[in-house]
Amino acid sequence: MSQRATASIAKFAGVVAMGAVLSKILGFLRETTLASQFGATFATDAYFMAMVIPTLLLMGVGPAVTTTLIPVFTDIDRRRGRSAAFSSVSVIINATALIAAGVMVAGMLLARPIVRVVAPGFSGETYSLTVKLTVILFPIAVFSVITHSVTGVLHALGLFTVPALTGIVQNVVIITSILVFGPKYGITAVAVGTSLGSLSTLLIQLPVLYGAGYRHRFVLDWRDRGLRQVGKLMGPIVAGTAASQAGTLVIRTLASRLPEGSITYLNYSQRLVGLPTGVFGTSLVTVLYPTMARLFAEDRSRFMQTFRRSVGVIFFTLAPMAAGLMILASPVVRLAFERGAFTSAATVATAASLTCLSVAIPFTTLTDLTNKAFYSAHNTMTPVAINMSGVAANVVVSLLLVGRLGHVGLAIGSAFQPIFTFFLGQRLLRRKVGGVNGYRLPVSVAKTLAAALIMSAAVVAVDPHLARVFSGSGVVRQALRLAGSVATGGLAYVAAAALLRSGELSFAVDTVRERAARVRRRG
C-alpha cells in the first residue's frame with residue numbers, strides 16, 4: 001500500500017471513525033436512557049424482539065444493496081459514464097423500495113401469527129405488546145432499503161462524511177422519544193421514535209446525493225443492466241444475511257423461553273461489544289471496501305497488499321479492546337446502565353454475557369473484511385456458504401449450552417460464530433484469491449496477543465486499587481476508576497508492542513507521521 005493511498009484511507013477512516021464515535025456515544029446515551037426508564041422487563045424484551053422481525057422478513061436486502069451497489073456503480077460509471085450510473089441507481093431504488101413496501105404491508109397484516117412463531121415463549125401482555133410494536137416498526141423496512149442504496153452511491157463517490165453522521169441524528173430522535181414521550185406513552189413512544197429515526201437517516205443524505213448531480217427518476221425497468229447486476233450479486237448475499245437473521249431469530253426464540261429480562265441482557269451486552277467494532281473496525285472496513293473493489297480490477301498485487309496489512313492492523317487495534325472489556329465487564333456495565341429501573345442484579349447478568357461476547361470482537365471485523373475481499377472479487381457465493389456454516393455452528397453451541405447456562409450459553413454461541421467464520425473464510429480465501437501468503441501474519445498475531453496479555457496483567461493489578469480509591473456508586477467515581485484502568489492498559493499495551501517491535505505499531509506511527517507531514521506542507 002503506497003503512502004499516498006495509506007494517507008487517503010486514514011483520512012476517510014478518520015472521518016468515519018469520528019462519526020461513529022459520536023454516534024456510539026449517543027447510542028450509549030440512548031441505551032442508558034432506555035435502561036433507566038424501562039429497566040430489563042417484559043416491555044424491553046418485547047421492544048427488542050419486535051426490532052428483529054422487520055429485518056428478518058426483509059432478509060437483509062438493505063445492507064446487500066449497499067454492498068453490491070458500490071462495485072456495480074463504480075463499473076458503470078467507468079464504462080458508460082456518470083449519467084448512466086445515476087440512471088441505474090434510480091431503477092435500483094424503485095425496485096428495492098417496491099419489494100420492501102410489499103414486505104411491510106404483509107408484515108403488518110400478519111403481525112400476530114409472525115410474533116407467535118418467532119417468540120413462542122411470549123404470552124399475555126408481553127405477546128400483545130410485541131405485536132403492537134412490530135406493526136409500528138415495520139416502516140423501517142422501506143426506509144432502510146432506500147437509505148442503504150443512497151449510502152452505497154455516496155460511498156462509491158468517495159463521500160463518507162454525511163453517511164457517517166446518520167447515526168447521530170437517528171439517536172437524537174430516539175433519545176427524544178424516550179425522554180419526552182416515554183414517561184407518558186411508554187415503550188410505544190420509543191417504537192415510534194425508532195421508526196422516525198430510521199427515516200431521518202435517509203432525509204439527511206438526500207441533499208448530498210442531489211448535490212453530487214443525482215436526479216431521481218420514477219421509472220422501473222427490470223431489464224436495466226445495473227439492476228440485473230445488483231440482483232445477480234445480491235442474491236447470495238441476501239441468502240447469507242437471511243441465514244444470519246434466522247440464527248438471530250433462533251437465539252431470541254430460545255431467549256424468549258428464559259426468565260424475564262434475558263433478551264434485554266443479551267441486547268445490552270451486544271451493544272457494548274458493538275462499540276469497538278463499530279467505531280474502529282467498521283470505520284476501516286467501510287473505507288477499505290471501495291478501495292479494494294477498485295484495486296482488484298486494476299492491480300491484484302496492491303489489492304492483496306492492502307488486504308494483508310489490514311488484517312494485521314485490525315487485530316492489533318481490536319484485540320486489546322476485547323481483553324479490556326472481558327476484564328472490566330462489571331464496572332463497564334455498571335457505569336453504562338445501572339441507574340433507575342436497571343438494578344445491580346441486571347448488571348451482574350449483563351456483565352456475564354458481555355465477558356463471553358467480548359472474545360469475538362476482533363473476529364467480527366475480520367470476518368467482515370474477509371467477506372469484503374470476496375465481494376471485491378465479485379465472489380458472493382463463498383461468503384454465503386461461510387456465513388451459513390457460522391450460523392449453524394452458533395445454533396448448535398447455543399442449543400447445547402442454553403439449558404445449563406441460560407442467556408450466557410447463548411452469548412457463548414454468538415461469540416463462537418465470528419471466530420469460526422473467520423478461520424473458515426481465511427482458509428477458503430487462500431485457495432480462491434491468495435489469502436495472506438507472503439505476509440507474516442502468525443508472527444504479527446503472536447506479538448499482538450503477547451502485548452494484550454501484558455496489558456491484561458497490568459489492568460488486573462491496578463483496577464482493584466483504583467476501585468478502592470474511587471469507591472462508591474457515583475457516576476464520576478466510576479468513570480474515574482475505568483479511565484485509570486483503561487489508561488494503564490493502553491500504556492502497557494503500547495509499551496509491550498514497542499518492545500516486541502510490532503510491525504502494526506510501526507505502521508500506525510509511520511501513517512501518523514506521514515499525515516502530520518502533509519498537514520505541515522499545506523501550512
# chains A, B, ... in the order shown; residues from 1 in each chain; ligands from 1
$ select_by_dssp --residues "region 142-367 of chain A" --states "alpha helix (DSSP H)" --output "count of residues only"
181
$ residues_around --residues "Thr253 (chain A)" --least-positions-apart "5" --cutoff "12 Å" --atoms "only C-alpha atoms" --output "NGL selection string"
:A and (45-46 or 48-50 or 52-53 or 115-122 or 245-248 or 258 or 262-263 or 395 or 398-399 or 402 or 407 or 410)
$ residues_around --residues "Leu129 (chain A)" --least-positions-apart "2" --cutoff "10 Å" --atoms "only C-alpha atoms" --output "short mmCIF file (atom, residue, chain, number, x, y, z; two decimals) with N, CA, C and O atoms, in the first residue's frame"
data_model
loop_
_atom_site.label_atom_id
_atom_site.label_comp_id
_atom_site.auth_asym_id
_atom_site.auth_seq_id
_atom_site.Cartn_x
_atom_site.Cartn_y
_atom_site.Cartn_z
N PHE A 42 -40.41 -7.02 30.71
CA PHE A 42 -41.13 -7.58 29.56
C PHE A 42 -41.28 -6.53 28.46
O PHE A 42 -41.33 -6.87 27.27
N ALA A 43 -41.36 -5.25 28.83
CA ALA A 43 -41.52 -4.19 27.83
C ALA A 43 -40.29 -4.09 26.94
O ALA A 43 -40.39 -3.97 25.71
N ASP A 45 -38.03 -6.49 26.55
CA ASP A 45 -37.96 -7.75 25.80
C ASP A 45 -38.84 -7.68 24.56
O ASP A 45 -38.44 -8.10 23.47
N ALA A 46 -40.06 -7.14 24.71
CA ALA A 46 -40.98 -7.02 23.57
C ALA A 46 -40.41 -6.07 22.51
O ALA A 46 -40.49 -6.34 21.30
N TYR A 47 -39.84 -4.97 22.94
CA TYR A 47 -39.27 -3.98 22.01
C TYR A 47 -38.11 -4.57 21.22
O TYR A 47 -38.05 -4.45 19.98
N ALA A 50 -39.38 -7.15 18.75
CA ALA A 50 -40.07 -6.51 17.63
C ALA A 50 -39.09 -5.87 16.66
O ALA A 50 -39.36 -5.79 15.45
N PHE A 122 -43.49 -15.98 24.51
CA PHE A 122 -44.25 -14.80 24.93
C PHE A 122 -45.74 -15.14 25.03
O PHE A 122 -46.29 -15.87 24.20
N SER A 123 -46.38 -14.56 26.03
CA SER A 123 -47.81 -14.74 26.18
C SER A 123 -48.39 -13.53 26.88
O SER A 123 -47.65 -12.67 27.40
N GLY A 124 -49.70 -13.43 26.89
CA GLY A 124 -50.37 -12.35 27.60
C GLY A 124 -49.96 -10.97 27.16
O GLY A 124 -49.90 -10.67 25.96
N GLU A 125 -49.63 -10.12 28.14
CA GLU A 125 -49.31 -8.73 27.85
C GLU A 125 -48.03 -8.60 27.01
O GLU A 125 -47.93 -7.72 26.15
N THR A 126 -47.06 -9.47 27.27
CA THR A 126 -45.81 -9.42 26.50
C THR A 126 -46.06 -9.71 25.03
O THR A 126 -45.52 -9.02 24.15
N TYR A 127 -46.88 -10.71 24.75
CA TYR A 127 -47.21 -11.05 23.36
C TYR A 127 -47.96 -9.91 22.68
O TYR A 127 -47.62 -9.50 21.55
N VAL A 131 -46.67 -7.60 19.37
CA VAL A 131 -47.44 -7.44 18.13
C VAL A 131 -47.61 -5.96 17.79
O VAL A 131 -47.39 -5.52 16.65
N LYS A 132 -47.99 -5.17 18.77
CA LYS A 132 -48.21 -3.74 18.57
C LYS A 132 -46.94 -3.04 18.11
O LYS A 132 -46.94 -2.25 17.15
N LEU A 133 -45.84 -3.34 18.78
CA LEU A 133 -44.57 -2.70 18.44
C LEU A 133 -44.07 -3.15 17.08
O LEU A 133 -43.45 -2.36 16.34
N THR A 134 -44.32 -4.39 16.71
CA THR A 134 -43.90 -4.89 15.40
C THR A 134 -44.57 -4.11 14.28
O THR A 134 -43.92 -3.73 13.29
N ILE A 187 -43.26 2.35 26.18
CA ILE A 187 -42.36 1.81 25.17
C ILE A 187 -42.89 2.03 23.76
O ILE A 187 -42.13 2.01 22.79
N THR A 188 -44.20 2.27 23.63
CA THR A 188 -44.78 2.55 22.32
C THR A 188 -44.17 3.80 21.71
O THR A 188 -43.90 3.87 20.50
#
$ atom_distance --atom1 "CA of Phe143 (chain A)" --atom2 "CA of Pro207 (chain A)"
16.0 Å
$ atom_distance --atom1 "CA of Gly390 (chain A)" --atom2 "CA of Pro418 (chain A)"
6.9 Å
$ residues_around --residues "Ser87 (chain A)" --least-positions-apart "4" --cutoff "9 Å" --atoms "only C-alpha atoms" --output "PDB file with C-alpha atoms, in the first residue's frame"
ATOM      1  CA  ARG A  82     -21.955   9.136 -14.517  1.00  0.00           C
ATOM      2  CA  SER A  83     -25.347   9.760 -16.135  1.00  0.00           C
ATOM      3  CA  VAL A  91     -34.174   1.935 -11.126  1.00  0.00           C
ATOM      4  CA  ILE A  92     -32.478   0.060  -8.264  1.00  0.00           C
ATOM      5  CA  TYR A 214     -28.148  12.824  -8.904  1.00  0.00           C
ATOM      6  CA  ARG A 215     -31.747  13.340 -10.034  1.00  0.00           C
ATOM      7  CA  HIS A 216     -34.242  10.637  -9.207  1.00  0.00           C
ATOM      8  CA  ARG A 217     -36.398   9.180 -11.980  1.00  0.00           C
ATOM      9  CA  GLY A 226     -27.320  -2.124 -13.269  1.00  0.00           C
TER      10      GLY A 226
END
$ closest_residue --among "A:Arg431, A:Lys232, A:His465, A:Arg112" --to "His378 (chain A)" --atoms "only C-alpha atoms"
A:Lys232
$ closest_residue --among "A:Gly403, A:Gly152, A:Pro71, A:Gly39" --to "Phe296 (chain A)" --atoms "only C-alpha atoms"
A:Pro71
$ atom_distance --atom1 "CA of Asp368 (chain A)" --atom2 "CA of Thr355 (chain A)"
21.7 Å
$ closest_residue --among "A:Ala85, A:Ala106, A:Ile251, A:Ile114" --to "Thr130 (chain A)" --atoms "only C-alpha atoms"
A:Ile114
$ residues_around --residues "region 497-507 of chain A" --least-positions-apart "5" --cutoff "8 Å" --atoms "only C-alpha atoms" --output "MDAnalysis selection string"
chainID A and resid 312:313 316 444 447:448 451
$ closest_residue --among "A:Ala392, A:Ile93, A:Ala351, A:Val311" --to "Leu335 (chain A)" --atoms "only C-alpha atoms"
A:Ala351
$ residues_around --residues "Asp463 (chain A)" --least-positions-apart "5" --cutoff "10 Å" --atoms "only C-alpha atoms" --output "ChimeraX atom specification"
/A:327-328,458,468-469,481-482,484-486,488-489
$ write_last_selection --atoms "N, CA, C and O atoms" --output "mmCIF file, in the first residue's frame"
data_model
loop_
_atom_site.group_PDB
_atom_site.id
_atom_site.type_symbol
_atom_site.label_atom_id
_atom_site.label_comp_id
_atom_site.auth_asym_id
_atom_site.auth_seq_id
_atom_site.Cartn_x
_atom_site.Cartn_y
_atom_site.Cartn_z
ATOM 1 N N ILE A 327 -12.097 -8.110 31.084
ATOM 2 C CA ILE A 327 -11.622 -7.891 32.451
ATOM 3 C C ILE A 327 -12.522 -6.904 33.205
ATOM 4 O O ILE A 327 -12.807 -7.079 34.390
ATOM 5 N N LEU A 328 -12.975 -5.866 32.512
ATOM 6 C CA LEU A 328 -13.722 -4.784 33.163
ATOM 7 C C LEU A 328 -15.213 -4.843 32.866
ATOM 8 O O LEU A 328 -15.893 -3.809 32.897
ATOM 9 N N ALA A 458 -1.503 -5.913 33.656
ATOM 10 C CA ALA A 458 -1.398 -4.576 34.253
ATOM 11 C C ALA A 458 -2.753 -4.088 34.756
ATOM 12 O O ALA A 458 -2.862 -3.525 35.851
ATOM 13 N N ARG A 468 -10.787 0.785 45.092
ATOM 14 C CA ARG A 468 -10.801 1.239 46.482
ATOM 15 C C ARG A 468 -10.669 2.761 46.570
ATOM 16 O O ARG A 468 -11.326 3.409 47.390
ATOM 17 N N VAL A 469 -9.833 3.317 45.709
ATOM 18 C CA VAL A 469 -9.632 4.772 45.734
ATOM 19 C C VAL A 469 -10.906 5.496 45.321
ATOM 20 O O VAL A 469 -11.306 6.498 45.937
ATOM 21 N N ARG A 481 -12.485 5.563 37.852
ATOM 22 C CA ARG A 481 -11.901 4.227 38.023
ATOM 23 C C ARG A 481 -11.640 3.573 36.677
ATOM 24 O O ARG A 481 -10.542 3.060 36.407
ATOM 25 N N LEU A 482 -12.639 3.608 35.805
ATOM 26 C CA LEU A 482 -12.476 2.996 34.486
ATOM 27 C C LEU A 482 -11.426 3.724 33.663
ATOM 28 O O LEU A 482 -10.619 3.099 32.965
ATOM 29 N N GLY A 484 -8.820 5.304 34.707
ATOM 30 C CA GLY A 484 -7.498 4.930 35.187
ATOM 31 C C GLY A 484 -7.070 3.552 34.713
ATOM 32 O O GLY A 484 -5.919 3.350 34.294
ATOM 33 N N SER A 485 -8.008 2.594 34.746
ATOM 34 C CA SER A 485 -7.692 1.238 34.294
ATOM 35 C C SER A 485 -7.415 1.207 32.796
ATOM 36 O O SER A 485 -6.487 0.536 32.327
ATOM 37 N N VAL A 486 -8.235 1.927 32.033
ATOM 38 C CA VAL A 486 -8.055 1.959 30.582
ATOM 39 C C VAL A 486 -6.732 2.626 30.213
ATOM 40 O O VAL A 486 -5.995 2.157 29.338
ATOM 41 N N THR A 488 -4.020 2.841 32.054
ATOM 42 C CA THR A 488 -2.940 1.923 32.421
ATOM 43 C C THR A 488 -2.780 0.825 31.376
ATOM 44 O O THR A 488 -1.671 0.506 30.936
ATOM 45 N N GLY A 489 -3.912 0.239 30.986
ATOM 46 C CA GLY A 489 -3.864 -0.818 29.984
ATOM 47 C C GLY A 489 -3.345 -0.338 28.649
ATOM 48 O O GLY A 489 -2.540 -1.018 27.995
#
$ closest_residue --among "A:Val273, A:Leu34, A:Ala492, A:Cys356" --to "Pro183 (chain A)" --atoms "only C-alpha atoms"
A:Leu34
